[in-house]
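Engineer: Sharing a structure, written as structure tokens. Questions coming.
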Amino acid sequence: MSKPALASAFDIPDAFTIQSVRQENYRIKTFVFDRSLPCKPGQFIMLWIPGVNERPLSVYRSHPLSVSVASVGQFSEKLFHLKHGDRVGIRGPYGNAFELKGKNILLVGGGYGLVPLSFLVTEARKKRVRCTVVIGARKAADVILENEFKKLGCRVFVCTNDGSAGKKGLVTQIANELLSGERFSAVYGCGPEKMEAALVHVARAHRVPVYVSVERSMKCGFGICGACVIGDRLVCAHGTIFTGEELKSNPDFGKQYLDWSGKRKRY
Amino acid sequence: MMMSILLAKKKLANPTVLASGILGTSAMLMQYVGKCGAGAVTTKSCNLQGRTGHPNPSVISTEHFMLNAVGLSNPGAEEERETVKELKRKTAIPVIASVFERSPAHFAEVAALISRAEPDFIELDLSCPNVESEQRMKGYGEFASNPDLAFKVVSEVKDQCRLPVFAKLSPNCSDIAVIARACEEAGADGITAINTAKGMVIQPELRRPVLANRSGGVSGPALKPIAIKSVYDVYEAVDIPIIGTGGVTTGRDAVEMMMAGACAVGVGSAVYWNGFNVFKSITREMQGWMKKNHFTSVRQLVGAAHE
């Protein structure tokens, strides 16, 4: 049998035990598992809670495997009830990874989109890449990972919708100012798709390579079922990281997605 | 080397057909599959109302098989009709529109509705193994195991729909040849064989069946010998063409499937093992095999294993 072209070797959940749980803020928890899973920044896993559901989650760290999750719906609510010693099923990692480009990068995240960017920063700092991070959040209580990014030696800018922390405004405004003032080798974004679309626009206007991580409903995770289609690409297999070049001609990016039944929905 | 085939009078550039339920969720995606070398594409099955499908895990895979219980998620026939229209407008590739419903009358209604988008064929999904236990789908599980019901569905659809109709059958029945013959008598223009076979995987450490639906349908290489036997039996029983589907991942598999009696070869889960270009690679490998074994047309392979 030839090697799977788009998939990892075994796409069946493996049992992982929760080692510890850390509360990041009022709605985000980090789950650390009992062992490692070799993953690259930007990749995701499928986490299965038996009897509940299985969802794609960005990898926060790979040694040991950890994920940071926001309480956004039924699945994360059930996950939040799990504690040290509980077991879940995990398969993956899936998707491509962020490509580290150059020595001075700008990372722009909204909400829990900062999670995969944090993983990228740890790799970038090992290679002595200069990192500037723009953290976007609705309000002060939603700002995450600020101290961690600072500890990793990043320059950090914070902005909130209501001005309760950092500047009042949008991450893309700050990104635009930073890009106007200095030469970055690449821009990396993760957050709500409207924000990502605006970021791609800004970075392209400054002629800086831009990479964003796209989110869609997922079923298989390995390029078969078509649930996560965006234009003629599959987010799980061709992404989740896409370049600005790939996205500029994609008719769905920033505009529409398929719901669980396959119905088209507009953002 | 002639690789084109005729399927109910329609010409396919090569015998590979994207099987239903794989990558069939949007027109652009199926257009891309066409670029990857498919001779025809089958849309993801739809019904009148649409369905959300089952929770995850809904698709898992191992070295030898895939197991799924996606649960026939689809946006409903109205939206699916727009997808078929868009696909027909953008490409020249033959389109098979797959439909399912819970009664013969509903089958006829959904087939008539989707026909208005003018696909080249209608495929009746008589046999998805993942929804038959649901109350609202009561009766659905029997269409492919009861010849009288299969006959009713096909004949009602043929009354309402002038397009060529293929009936997709299941290996989970006592004699697939009997069902195929009932479909032929009811006026079916072809048979698609087979759907996935019922199966289950249990995660031992977590002590639970992995799929949220508990059981699902097996596809991929492990299904191939079951599919070959089914197609062989159907070929002996009917004169209408067969789309042979189940576990084909290489050109040699496709040759085997055609020798069993298939006129075209469904390719689905193979995308997992061999990537999107599996359609091109199957056709290329078939050409190589045919050259070496002195065949000049792919049509000579059909039923070649029968005495």
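Chain labels A, B, ... are given in the sequence in which chains occur in the structure tokens; within each chain residues are numbered consecutively from 1, and ligands are likewise numbered from 1 in the order shown.
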What residues in chain B lie within 6 Å of chain A, counting only C-alpha atoms, written as JSON, numbers by chain?

Structural biologist: {"B": [22, 23, 25, 28, 29, 51, 52, 55, 56, 57, 59, 60, 61, 62, 73, 74, 75, 273, 274, 275]}

Engineer: Would you put the residues from that selection into a file with N, CA and C atoms, as a compact mmCIF listing (two decimals), in the first residue's frame?

Structural biologist:
```
# COMPACT_ATOMS: atom_id res chain seq x y z
N ILE B 22 -17.71 11.71 -1.78
CA ILE B 22 -16.32 12.13 -1.69
C ILE B 22 -16.18 13.45 -2.46
N LEU B 23 -15.73 14.50 -1.79
CA LEU B 23 -15.42 15.78 -2.44
C LEU B 23 -16.56 16.38 -3.25
N THR B 25 -19.05 18.29 -2.48
CA THR B 25 -19.82 19.30 -1.74
C THR B 25 -19.97 20.64 -2.46
N MET B 28 -17.16 24.03 -7.53
CA MET B 28 -15.74 24.32 -7.79
C MET B 28 -14.85 23.13 -7.46
N LEU B 29 -15.22 22.43 -6.39
CA LEU B 29 -14.42 21.27 -5.97
C LEU B 29 -14.55 20.13 -7.00
N ARG B 51 -30.12 17.56 5.23
CA ARG B 51 -29.84 16.92 6.52
C ARG B 51 -28.54 17.47 7.10
N THR B 52 -28.46 17.53 8.42
CA THR B 52 -27.24 17.97 9.08
C THR B 52 -26.20 16.85 9.12
N PRO B 55 -23.01 13.64 14.20
CA PRO B 55 -21.86 14.30 14.84
C PRO B 55 -20.56 13.57 14.48
N ASN B 56 -19.45 14.18 14.80
CA ASN B 56 -18.13 13.56 14.64
C ASN B 56 -17.83 12.68 15.86
N PRO B 57 -16.90 11.73 15.76
CA PRO B 57 -16.18 11.34 14.55
C PRO B 57 -17.14 10.73 13.52
N VAL B 59 -15.73 10.25 10.06
CA VAL B 59 -14.86 9.58 9.08
C VAL B 59 -13.53 9.25 9.74
N ILE B 60 -13.12 7.99 9.66
CA ILE B 60 -11.80 7.61 10.15
C ILE B 60 -11.16 6.70 9.11
N SER B 61 -9.87 6.49 9.25
CA SER B 61 -9.21 5.68 8.23
C SER B 61 -8.02 4.92 8.81
N THR B 62 -7.74 3.78 8.22
CA THR B 62 -6.56 3.00 8.58
C THR B 62 -5.82 2.69 7.29
N SER B 73 -25.33 14.17 5.12
CA SER B 73 -25.51 15.62 5.26
C SER B 73 -25.62 16.22 3.86
N ASN B 74 -26.54 17.13 3.69
CA ASN B 74 -26.69 17.82 2.40
C ASN B 74 -27.59 19.03 2.59
N PRO B 75 -27.43 20.03 1.72
CA PRO B 75 -28.18 21.29 1.91
C PRO B 75 -29.63 21.22 1.43
N TRP B 273 -5.73 7.48 -0.26
CA TRP B 273 -4.47 6.74 -0.40
C TRP B 273 -3.55 7.34 -1.45
N ASN B 274 -4.15 7.83 -2.54
CA ASN B 274 -3.30 8.25 -3.66
C ASN B 274 -3.47 9.70 -4.09
N GLY B 275 -4.21 10.50 -3.32
CA GLY B 275 -4.31 11.93 -3.62
C GLY B 275 -5.32 12.24 -4.72
```

Engineer: Which residues are near region 95-101 of chain B? Cut-off 9 Å, only C-alpha atoms, ignore same chain within fewer than 4 positions. Put them as a ChimeraX atom specification.

Structural biologist: /B:20,40-48,72,77,84,87-88,105-111,114-115,118-128,137,140,166

Engineer: So, with only C-alpha atoms as the atoms that count, which of A:Gly136, A:Gly181, A:Gly239, A:Gly244 lies closest to Leu114 (chain A)?

Structural biologist: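 Going through A:Gly136, A:Gly181, A:Gly239, A:Gly244 one by one, the smallest distance to Leu114 (chain A) is for A:Gly136.
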
Engineer: At a cut-off of 12 Å, can you tabulate as CSV every residue of region 116-161 of chain A near region 64-85 of chain A together with its closest atom pair and the distance in Å to one decimal, using only C-alpha atoms and ordering rows by chain then number?

Structural biologist:
```
residue,atom,partner,partner_atom,distance
A:Pro116,CA,A:Ser68,CA,9.0
A:Leu117,CA,A:Ser68,CA,11.7
A:Ser118,CA,A:Ser68,CA,10.5
A:Phe119,CA,A:Ser66,CA,10.3
A:Asp142,CA,A:Ala70,CA,10.1
A:Ile144,CA,A:Ser68,CA,10.5
A:Leu145,CA,A:Ser68,CA,10.6
```

Engineer: Using only C-alpha atoms, pick whichever of A:Leu170, A:Tyr26, A:Tyr211, A:Ala198 has the shortest atom-to-atom distance to Leu100 (chain A).

Structural biologist: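 Of all the options, A:Tyr211 lies closest to Leu100 (chain A).
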
Engineer: Can you pull out the residues contacting Ala144 (chain B)? Cut-off 8 Å, using only C-alpha atoms, and skip same-chain residues under 4 positions away; I want them as a list in words.

Structural biologist: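 In the requested format, the answer is Leu126, Ser127, Leu149, Ala150, Leu169, Ser170, Cys173 and Ile179 of chain B.
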
Engineer: Take the residues from that selection and put them in a file with N, CA and C atoms, as a PDB file, in the first residue's frame.

Structural biologist:
```pdb
ATOM      1  N   LEU B 126     -29.887   3.961  -2.984  1.00  0.00           N
ATOM      2  CA  LEU B 126     -30.885   3.096  -2.335  1.00  0.00           C
ATOM      3  C   LEU B 126     -30.364   2.502  -1.043  1.00  0.00           C
ATOM      4  N   SER B 127     -29.136   2.873  -0.667  1.00  0.00           N
ATOM      5  CA  SER B 127     -28.466   1.954   0.255  1.00  0.00           C
ATOM      6  C   SER B 127     -27.461   2.537   1.236  1.00  0.00           C
ATOM      7  N   LEU B 149     -39.384  -3.376  -3.249  1.00  0.00           N
ATOM      8  CA  LEU B 149     -39.215  -1.944  -2.938  1.00  0.00           C
ATOM      9  C   LEU B 149     -38.274  -1.275  -3.926  1.00  0.00           C
ATOM     10  N   ALA B 150     -37.191  -1.957  -4.273  1.00  0.00           N
ATOM     11  CA  ALA B 150     -36.245  -1.411  -5.254  1.00  0.00           C
ATOM     12  C   ALA B 150     -36.978  -1.169  -6.575  1.00  0.00           C
ATOM     13  N   LEU B 169     -26.550   0.074  -5.360  1.00  0.00           N
ATOM     14  CA  LEU B 169     -26.927  -1.061  -4.511  1.00  0.00           C
ATOM     15  C   LEU B 169     -25.909  -1.325  -3.408  1.00  0.00           C
ATOM     16  N   SER B 170     -26.376  -2.088  -2.447  1.00  0.00           N
ATOM     17  CA  SER B 170     -25.586  -2.376  -1.252  1.00  0.00           C
ATOM     18  C   SER B 170     -25.127  -3.824  -1.239  1.00  0.00           C
ATOM     19  N   CYS B 173     -27.140  -7.377   1.509  1.00  0.00           N
ATOM     20  CA  CYS B 173     -28.426  -7.950   1.140  1.00  0.00           C
ATOM     21  C   CYS B 173     -28.174  -9.424   0.843  1.00  0.00           C
ATOM     22  N   ILE B 179     -31.732  -8.042  -6.641  1.00  0.00           N
ATOM     23  CA  ILE B 179     -32.095  -6.619  -6.539  1.00  0.00           C
ATOM     24  C   ILE B 179     -31.792  -5.923  -7.870  1.00  0.00           C
TER      25      ILE B 179
END
```

Engineer: Taking only C-alpha atoms into account, which of B:Val238, B:Met286, B:Val218, B:Ala304 comes nearest Ser269 (chain B)?

Structural biologist: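 Comparing B:Val238, B:Met286, B:Val218, B:Ala304 against Ser269 (chain B), the winner is B:Val218.
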
Engineer: Run DSSP on the backbone of this structure and report the residues of region 47-248 of chain A it assigns to strand (DSSP E or B), as a PDB file with C-alpha atoms, in the first residue's frame.

Structural biologist:
```
ATOM      1  CA  LEU A  47     -10.040  15.900  19.646  1.00  0.00           C
ATOM      2  CA  TRP A  48     -12.762  13.362  20.442  1.00  0.00           C
ATOM      3  CA  ILE A  49     -14.747  13.302  23.666  1.00  0.00           C
ATOM      4  CA  ASN A  53     -18.333  15.050  19.528  1.00  0.00           C
ATOM      5  CA  GLU A  54     -14.983  15.528  17.812  1.00  0.00           C
ATOM      6  CA  ARG A  55     -13.615  18.936  16.837  1.00  0.00           C
ATOM      7  CA  PRO A  56     -10.500  20.375  15.180  1.00  0.00           C
ATOM      8  CA  LEU A  57      -8.261  22.322  17.586  1.00  0.00           C
ATOM      9  CA  SER A  58      -5.092  24.274  16.888  1.00  0.00           C
ATOM     10  CA  ARG A  61       2.486  23.086  22.043  1.00  0.00           C
ATOM     11  CA  SER A  62       3.638  19.681  20.873  1.00  0.00           C
ATOM     12  CA  LEU A  65       0.861  18.064  23.396  1.00  0.00           C
ATOM     13  CA  SER A  66      -1.335  20.941  24.593  1.00  0.00           C
ATOM     14  CA  VAL A  67      -4.318  22.819  23.255  1.00  0.00           C
ATOM     15  CA  SER A  68      -5.827  26.134  24.323  1.00  0.00           C
ATOM     16  CA  VAL A  69      -9.565  26.296  23.941  1.00  0.00           C
ATOM     17  CA  ALA A  70     -12.160  29.050  24.259  1.00  0.00           C
ATOM     18  CA  ARG A  87      -8.943  10.472  28.747  1.00  0.00           C
ATOM     19  CA  VAL A  88      -9.888  11.660  25.264  1.00  0.00           C
ATOM     20  CA  GLY A  89      -9.224  10.469  21.707  1.00  0.00           C
ATOM     21  CA  ILE A  90      -6.812  12.410  19.520  1.00  0.00           C
ATOM     22  CA  ARG A  91      -5.907  11.961  15.859  1.00  0.00           C
ATOM     23  CA  GLY A  92      -3.610  14.011  13.703  1.00  0.00           C
ATOM     24  CA  PRO A  93      -1.758  16.275  13.389  1.00  0.00           C
ATOM     25  CA  TYR A  94      -3.446  17.576  10.259  1.00  0.00           C
ATOM     26  CA  ASN A 104      11.583  40.068  11.214  1.00  0.00           C
ATOM     27  CA  ILE A 105       8.002  38.869  11.359  1.00  0.00           C
ATOM     28  CA  LEU A 106       4.692  40.441  12.319  1.00  0.00           C
ATOM     29  CA  LEU A 107       2.022  38.279  13.973  1.00  0.00           C
ATOM     30  CA  VAL A 108      -1.544  39.492  14.173  1.00  0.00           C
ATOM     31  CA  GLY A 109      -4.178  37.601  16.140  1.00  0.00           C
ATOM     32  CA  GLY A 110      -7.749  38.062  17.219  1.00  0.00           C
ATOM     33  CA  ARG A 130      12.484  39.138  15.623  1.00  0.00           C
ATOM     34  CA  CYS A 131       8.793  38.911  16.477  1.00  0.00           C
ATOM     35  CA  THR A 132       6.224  41.681  16.780  1.00  0.00           C
ATOM     36  CA  VAL A 133       2.791  40.615  17.990  1.00  0.00           C
ATOM     37  CA  VAL A 134      -0.491  42.479  17.718  1.00  0.00           C
ATOM     38  CA  ILE A 135      -3.081  41.100  20.130  1.00  0.00           C
ATOM     39  CA  GLY A 136      -6.696  41.893  19.389  1.00  0.00           C
ATOM     40  CA  ALA A 137      -9.576  41.288  21.776  1.00  0.00           C
ATOM     41  CA  ARG A 155       7.393  43.355  20.959  1.00  0.00           C
ATOM     42  CA  VAL A 156       3.692  43.346  21.897  1.00  0.00           C
ATOM     43  CA  PHE A 157       0.841  45.690  20.951  1.00  0.00           C
ATOM     44  CA  VAL A 158      -2.626  45.258  22.380  1.00  0.00           C
ATOM     45  CA  CYS A 159      -5.880  46.646  21.100  1.00  0.00           C
ATOM     46  CA  THR A 160      -9.494  46.148  22.158  1.00  0.00           C
ATOM     47  CA  LYS A 167      -5.412  51.003  22.031  1.00  0.00           C
ATOM     48  CA  LYS A 168      -9.046  51.222  21.062  1.00  0.00           C
ATOM     49  CA  ALA A 186       6.321  38.237   6.579  1.00  0.00           C
ATOM     50  CA  VAL A 187       2.933  38.675   8.242  1.00  0.00           C
ATOM     51  CA  TYR A 188       1.054  35.857  10.006  1.00  0.00           C
ATOM     52  CA  GLY A 189      -2.594  36.086  10.958  1.00  0.00           C
ATOM     53  CA  CYS A 190      -5.169  34.053  12.813  1.00  0.00           C
ATOM     54  CA  VAL A 210       1.142  37.092   4.314  1.00  0.00           C
ATOM     55  CA  TYR A 211      -0.042  33.770   5.751  1.00  0.00           C
ATOM     56  CA  VAL A 212      -3.351  33.204   7.514  1.00  0.00           C
ATOM     57  CA  SER A 213      -4.935  30.194   9.169  1.00  0.00           C
ATOM     58  CA  VAL A 229     -14.256  23.404   1.089  1.00  0.00           C
ATOM     59  CA  ILE A 230     -13.167  26.994   0.350  1.00  0.00           C
ATOM     60  CA  ARG A 233      -9.442  24.051  -1.949  1.00  0.00           C
ATOM     61  CA  LEU A 234      -9.937  22.016   1.219  1.00  0.00           C
ATOM     62  CA  ILE A 241      -2.520  28.004   6.315  1.00  0.00           C
ATOM     63  CA  PHE A 242      -2.986  29.806   3.025  1.00  0.00           C
ATOM     64  CA  THR A 243      -0.885  32.565   1.481  1.00  0.00           C
TER      65      THR A 243
END
```
